[in-house]
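**Q** So here's coords-v2.cif, just mmCIF, C-alpha atoms:
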data_coords
#
loop_
_atom_site.label_atom_id
_atom_site.label_comp_id
_atom_site.auth_asym_id
_atom_site.auth_seq_id
_atom_site.Cartn_x
_atom_site.Cartn_y
_atom_site.Cartn_z
CA MET V 506 -104.88 21.19 -22.32
CA ARG V 507 -102.76 21.76 -25.43
CA THR V 508 -100.19 24.52 -25.56
CA GLU V 509 -100.44 27.26 -28.19
CA LYS V 510 -97.38 25.73 -29.89
CA GLU V 511 -99.04 22.30 -30.03
CA LYS V 512 -102.18 23.87 -31.49
CA MET V 513 -100.11 25.81 -34.03
CA ILE V 514 -98.26 22.73 -35.29
CA ALA V 515 -101.51 20.70 -35.38
CA GLY V 516 -103.23 23.26 -37.63
CA GLU V 517 -105.69 24.43 -34.97
CA TYR V 518 -106.46 28.04 -34.10
CA TYR V 519 -103.81 29.42 -31.75
CA ALA V 520 -102.73 32.70 -30.21
CA ALA V 521 -99.59 33.88 -32.02
CA GLY V 522 -98.88 36.31 -29.17
CA ASP V 523 -98.27 33.42 -26.78
CA PRO V 524 -95.04 34.19 -24.85
CA VAL V 525 -93.43 30.88 -25.81
CA LEU V 526 -94.09 31.47 -29.51
CA VAL V 527 -92.92 35.07 -29.31
CA LYS V 528 -89.69 33.91 -27.66
CA GLU V 529 -89.13 31.22 -30.33
CA ARG V 530 -89.74 33.69 -33.18
CA ARG V 531 -87.30 36.13 -31.55
CA ARG V 532 -84.69 33.36 -31.32
CA ALA V 533 -85.15 32.60 -35.02
CA LYS V 534 -84.91 36.30 -35.94
CA ASN V 535 -81.65 36.61 -33.99
CA LEU V 536 -80.18 33.62 -35.82
CA LEU V 537 -81.44 34.98 -39.15
CA HIS V 538 -79.84 38.34 -38.43
CA ARG V 539 -76.51 36.61 -37.86
CA LEU V 540 -76.94 34.57 -41.06
CA ASN V 541 -78.24 37.40 -43.25
CA VAL V 542 -76.11 40.27 -41.97
CA THR V 543 -73.06 39.06 -40.09
CA GLU V 544 -72.09 36.02 -42.17
CA TYR V 545 -73.93 36.43 -45.49
CA ARG V 546 -71.71 33.81 -47.12
CA LEU V 547 -71.76 30.07 -46.53
CA THR V 548 -68.91 29.96 -44.06
CA LYS V 549 -68.33 27.41 -41.32
CA LYS V 550 -70.06 29.81 -38.92
CA ALA V 551 -73.04 30.19 -41.30
CA LYS V 552 -73.40 26.40 -41.45
CA GLU V 553 -73.45 26.32 -37.63
CA ILE V 554 -76.15 28.99 -37.58
CA LEU V 555 -78.22 27.06 -40.13
CA ALA V 556 -77.86 23.83 -38.15
CA GLU V 557 -79.16 25.62 -35.06
CA LEU V 558 -81.96 27.40 -36.93
CA ILE V 559 -83.07 24.47 -39.11
CA PRO V 560 -81.95 21.30 -37.33
CA ASN V 561 -84.04 18.84 -39.39
CA THR V 562 -82.08 18.64 -42.63
CA GLY V 563 -80.27 16.00 -44.59
CA LYS V 564 -76.86 16.23 -46.21
CA SER V 565 -75.97 19.11 -48.54
CA PHE V 566 -78.48 21.64 -47.25
CA TYR V 567 -77.68 25.10 -48.62
CA ILE V 568 -79.30 28.49 -48.21
CA GLU V 569 -78.15 31.55 -50.12
CA PRO V 570 -78.79 34.57 -47.82
CA PRO V 571 -80.87 36.51 -47.27
CA PHE V 572 -83.42 34.00 -46.00
CA HIS V 573 -86.42 34.47 -43.73
CA CYS V 574 -88.56 32.11 -41.65
CA ASP V 575 -90.72 32.20 -38.52
CA TYR V 576 -89.30 29.37 -36.42
CA GLY V 577 -86.91 27.18 -38.45
CA TYR V 578 -87.57 23.99 -36.51
CA ASN V 579 -90.71 23.30 -38.59
CA ILE V 580 -88.68 23.10 -41.81
CA ILE V 581 -87.80 19.46 -42.52
CA CYS V 582 -85.56 18.75 -45.53
CA GLY V 583 -84.09 15.70 -47.19
CA ASP V 584 -80.66 15.55 -48.82
CA ASN V 585 -79.41 18.05 -51.41
CA VAL V 586 -81.84 20.94 -50.84
CA TYR V 587 -80.94 24.38 -52.17
CA PHE V 588 -82.66 27.69 -51.42
CA ASN V 589 -81.53 30.57 -53.62
CA VAL V 590 -81.57 34.20 -52.43
CA ASN V 591 -84.44 35.99 -50.74
CA CYS V 592 -86.69 33.05 -49.91
CA VAL V 593 -89.38 33.24 -47.22
CA VAL V 594 -90.76 30.21 -45.35
CA LEU V 595 -93.55 30.95 -42.89
CA ASP V 596 -93.16 27.69 -40.99
CA CYS V 597 -95.87 27.88 -38.33
CA ALA V 598 -96.86 24.37 -39.44
CA PRO V 599 -94.41 21.79 -40.81
CA VAL V 600 -92.83 22.44 -44.21
CA THR V 601 -91.54 19.11 -45.48
CA ILE V 602 -89.17 19.21 -48.43
CA GLY V 603 -87.86 16.04 -50.05
CA SER V 604 -84.40 15.34 -51.43
CA ASN V 605 -82.89 16.95 -54.53
CA VAL V 606 -85.12 20.01 -54.39
CA PHE V 607 -84.07 23.33 -55.88
CA ILE V 608 -85.86 26.48 -54.80
CA ALA V 609 -85.20 29.56 -56.94
CA PRO V 610 -84.90 33.18 -55.77
CA ASN V 611 -87.80 34.94 -54.06
CA VAL V 612 -89.86 31.79 -53.47
CA GLN V 613 -92.37 32.17 -50.67
CA ILE V 614 -93.78 29.16 -48.82
CA TYR V 615 -96.67 29.98 -46.51
CA THR V 616 -98.21 27.74 -43.86
CA ALA V 617 -99.68 30.67 -41.91
CA THR V 618 -103.29 31.54 -42.59
CA HIS V 619 -106.04 33.46 -40.82
CA PRO V 620 -109.74 32.99 -40.08
CA LEU V 621 -112.20 34.53 -42.53
CA ASP V 622 -114.26 35.80 -39.59
CA ALA V 623 -113.00 39.30 -38.74
CA GLU V 624 -113.61 39.02 -34.99
CA LEU V 625 -111.81 35.69 -34.70
CA ARG V 626 -108.97 37.02 -36.87
CA LYS V 627 -108.24 39.73 -34.28
CA THR V 628 -106.93 37.18 -31.77
CA LEU V 629 -106.27 33.86 -33.49
CA GLU V 630 -104.59 32.38 -36.53
CA ASN V 631 -103.84 28.91 -37.81
CA ALA V 632 -101.41 27.15 -40.10
CA LEU V 633 -101.58 24.29 -42.57
CA PRO V 634 -98.58 22.14 -43.53
CA VAL V 635 -96.85 22.31 -46.91
CA SER V 636 -95.10 19.36 -48.53
CA ILE V 637 -92.76 19.31 -51.53
CA GLY V 638 -91.70 15.90 -52.87
CA ASP V 639 -88.31 14.65 -54.01
CA ASP V 640 -86.69 15.92 -57.20
CA CYS V 641 -88.66 19.16 -57.55
CA TRP V 642 -87.71 22.54 -58.95
CA ILE V 643 -89.66 25.54 -57.73
CA GLY V 644 -89.20 28.53 -60.08
CA GLY V 645 -88.41 32.07 -58.98
CA ASN V 646 -91.08 34.28 -57.42
CA THR V 647 -93.39 31.33 -56.80
CA VAL V 648 -95.84 31.51 -53.91
CA ILE V 649 -96.92 28.23 -52.30
CA CYS V 650 -100.09 28.69 -50.23
CA PRO V 651 -100.97 26.98 -46.92
CA GLY V 652 -101.93 23.30 -46.99
CA ILE V 653 -100.40 22.53 -50.40
CA THR V 654 -98.73 19.27 -51.42
CA ILE V 655 -96.45 19.26 -54.45
CA GLY V 656 -95.69 15.73 -55.59
CA LYS V 657 -92.33 14.28 -56.51
CA GLY V 658 -90.57 15.20 -59.74
CA CYS V 659 -92.56 18.42 -60.25
CA VAL V 660 -91.54 21.70 -61.80
CA VAL V 661 -93.39 24.88 -60.83
CA GLY V 662 -92.82 27.70 -63.30
CA ALA V 663 -91.52 31.10 -62.27
CA GLY V 664 -94.12 33.51 -60.93
CA SER V 665 -96.67 30.81 -60.15
CA VAL V 666 -99.11 30.95 -57.25
CA VAL V 667 -99.82 27.40 -56.08
CA THR V 668 -103.33 27.23 -54.62
CA LYS V 669 -104.08 23.54 -55.28
CA ASN V 670 -102.12 20.32 -54.84
CA ILE V 671 -99.88 19.28 -57.73
CA PRO V 672 -99.61 15.55 -58.50
CA ASP V 673 -96.30 13.75 -59.08
CA TYR V 674 -94.33 14.53 -62.23
CA SER V 675 -96.29 17.60 -63.28
CA LEU V 676 -95.31 20.92 -64.81
CA ALA V 677 -97.47 23.66 -63.29
CA VAL V 678 -97.41 27.36 -64.17
CA GLY V 679 -99.44 30.51 -63.75
CA ASN V 680 -101.58 32.40 -61.27
CA PRO V 681 -103.25 30.33 -60.07
CA ALA V 682 -100.86 27.52 -61.05
CA LYS V 683 -102.35 25.04 -63.48
CA ILE V 684 -100.89 21.75 -64.61
CA ILE V 685 -99.94 22.08 -68.26
CA ARG V 686 -98.39 18.66 -68.80
CA LYS V 687 -96.97 15.56 -67.19
CA LEU V 688 -93.20 15.10 -66.94
CA ASN V 689 -91.16 11.92 -67.39
#
What does the file become when written as structure tokens?
**A**
Amino acid sequence: MRTEKEKMIAGEYYAAGDPVLVKERRRAKNLLHRLNVTEYRLTKKAKEILAELIPNTGKSFYIEPPFHCDYGYNIICGDNVYFNVNCVVLDCAPVTIGSNVFIAPNVQIYTATHPLDAELRKTLENALPVSIGDDCWIGGNTVICPGITIGKGCVVGAGSVVTKNIPDYSLAVGNPAKIIRKLN
């Protein structure tokens, strides 16, 4: 029998109130409090907190506080990844971010989703992974919905809501985000 955590990461329906998941979210919130309130600047201590919160990163991983996430361990980043202020990553499923990715202020990346059936929604939820390729720039106030893949070399314009996959080397803008041209 699969644990609720295994179901969550696999994209199956799971019980978010599972004691293990509650404990892991509490751990993340405690680390985030230290990062967002106590340190608030990228000090040696802040880097230690980030390494504990988000252990799966490459070189030159930088977050400008405040930052919010559910678990941290489901965020996987390549080298040279930058999150500007006030970003939210609901990482119930894996969020994979390539190298050389710049994420502007107030970007929200959601993997968490809920059943459309009201009765099922009372007790269960699920999550779908999000992937952002190498060399991307995600503009401020962008929302990336569950299950989305953004290809390499993409730019997503500020204020966009990404509801469909974006192929490599595309410029996408709007709500919902639409591809307006290819990039070199």
**Q** Nearest to Pro672 of chain V: which of V:Leu688, V:Ile554, V:Leu633, V:Leu621 is it, counting all atoms listed in the file?
**A**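 Answer, going by the shortest atom-to-atom distance: V:Leu688.
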**Q** Work out how far apart atom CA of Thr562 of chain V and atom CA of Gly664 of chain V are and give it in Å to one decimal.
**A** 26.5 Å
**Q** Determine the residue set returned by the PyMOL selection byres ((chain V and resi 639) around 8) for the present structure, and present it as a ChimeraX atom specification.
**A** /V:602-606,637-638,640-641,656-658
**Q** For a quick check of understanding, using only C-alpha atoms, which of V:Thr543, V:Asn680, V:Gln613, V:Asn631 has the smallest distance to Val590 of chain V?
**A**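 The shortest atom-to-atom distance to Val590 of chain V comes from V:Gln613.
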**Q** Run the PyMOL selection byres ((chain V and resi 529) around 12) against the file shown and list the residues it catches, as a list in words.
**A**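 Written out, the selection comes to Lys510, Ala521, Gly522, Asp523, Pro524, Val525, Leu526, Val527, Lys528, Arg530, Arg531, Arg532, Ala533, Lys534, Asn535, Leu536, Leu558, Cys574, Asp575, Tyr576, Gly577, Tyr578, Asn579, Asp596 and Cys597 of chain V.
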**Q** With all atoms listed in the file as the counted atoms, please give the residues lying no more than 9 Å from Leu555 of chain V, apart from itself and same-chain residues fewer than 2 positions off, as a CSV table (one decimal) with C-alpha atoms, in the frame of the given file.
**A**
chain,number,residue,atom,x,y,z
V,536,LEU,CA,-80.2,33.6,-35.8
V,537,LEU,CA,-81.4,35.0,-39.2
V,540,LEU,CA,-76.9,34.6,-41.1
V,550,LYS,CA,-70.1,29.8,-38.9
V,551,ALA,CA,-73.0,30.2,-41.3
V,552,LYS,CA,-73.4,26.4,-41.4
V,553,GLU,CA,-73.4,26.3,-37.6
V,557,GLU,CA,-79.2,25.6,-35.1
V,558,LEU,CA,-82.0,27.4,-36.9
V,559,ILE,CA,-83.1,24.5,-39.1
V,560,PRO,CA,-82.0,21.3,-37.3
V,566,PHE,CA,-78.5,21.6,-47.2
V,567,TYR,CA,-77.7,25.1,-48.6
V,568,ILE,CA,-79.3,28.5,-48.2
V,577,GLY,CA,-86.9,27.2,-38.4
**Q** Take atom CA of Pro610 of chain V and atom CA of Val666 of chain V and report the distance between them in Å, one decimal.
**A**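 Straight-line distance from atom CA of Pro610 of chain V to atom CA of Val666 of chain V works out to 14.5 Å.
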**Q** Run the PyMOL selection byres ((chain V and resi 570) around 9) on the file and write out the hits as a list in words.
**A**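 Residues picked by the PyMOL selection byres ((chain V and resi 570) around 9): Leu540, Asn541, Val542, Glu544, Tyr545, Arg546, Leu547, Ile568, Glu569, Pro571, Phe572, His573, Phe588, Asn589, Val590, Asn591 and Cys592 of chain V.
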**Q** From the list V:Ile581, V:Thr647, V:Pro681, V:Tyr615, which residue is nearest Asn561 of chain V when using only C-alpha atoms?
**A** V:Ile581
**Q** Quote the spacing between atom CA of Asp584 of chain V and atom CA of His538 of chain V in Å to one decimal place.
**A**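 It comes out at 25.1 Å.
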**Q** Determine the nearest neighbour of Pro620 of chain V from the options V:Ile655, V:Thr508, V:Gly516, V:Pro599, counting only C-alpha atoms.
**A** V:Gly516
**Q** For each of V:Pro634, V:Gly679, V:Gly563, V:Gly583, take the minimum atom-to-atom distance to Thr654 of chain V, counting only C-alpha atoms, then give the residue where this is smallest.
**A** V:Pro634
**Q** Counting only C-alpha atoms, find the residues whose atoms lie at most 9 Å from (-99.3, 20.8, -65.4) (file coordinates) and write them out as a PDB file with C-alpha atoms, keeping the file's coordinate frame.
**A**
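Just written: out-v9.pdb:
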ATOM      1  CA  CYS V 659     -92.560  18.420 -60.250  1.00  0.00           C
ATOM      2  CA  VAL V 660     -91.540  21.700 -61.800  1.00  0.00           C
ATOM      3  CA  VAL V 661     -93.390  24.880 -60.830  1.00  0.00           C
ATOM      4  CA  ILE V 671     -99.880  19.280 -57.730  1.00  0.00           C
ATOM      5  CA  PRO V 672     -99.610  15.550 -58.500  1.00  0.00           C
ATOM      6  CA  TYR V 674     -94.330  14.530 -62.230  1.00  0.00           C
ATOM      7  CA  SER V 675     -96.290  17.600 -63.280  1.00  0.00           C
ATOM      8  CA  LEU V 676     -95.310  20.920 -64.810  1.00  0.00           C
ATOM      9  CA  ALA V 677     -97.470  23.660 -63.290  1.00  0.00           C
ATOM     10  CA  VAL V 678     -97.410  27.360 -64.170  1.00  0.00           C
ATOM     11  CA  ALA V 682    -100.860  27.520 -61.050  1.00  0.00           C
ATOM     12  CA  LYS V 683    -102.350  25.040 -63.480  1.00  0.00           C
ATOM     13  CA  ILE V 684    -100.890  21.750 -64.610  1.00  0.00           C
ATOM     14  CA  ILE V 685     -99.940  22.080 -68.260  1.00  0.00           C
ATOM     15  CA  ARG V 686     -98.390  18.660 -68.800  1.00  0.00           C
ATOM     16  CA  LYS V 687     -96.970  15.560 -67.190  1.00  0.00           C
ATOM     17  CA  LEU V 688     -93.200  15.100 -66.940  1.00  0.00           C
TER      18      LEU V 688
END
**Q** Using all atoms listed in the file, which of the listed residues (V:Gly645, V:Thr628, V:Ile614, V:Leu595) sits closest to Val667 of chain V?
**A**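 Of V:Gly645, V:Thr628, V:Ile614, V:Leu595, the one nearest Val667 of chain V is V:Ile614, counting all atoms listed in the file.
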**Q** Which residues are near His619 of chain V? Cut-off 8 Å, only C-alpha atoms, ignore same chain within fewer than 3 positions. Put them as a list in words.
**A**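 Everything that qualifies: Arg626, Leu629, Glu630, Asn631 and Ala632 of chain V.
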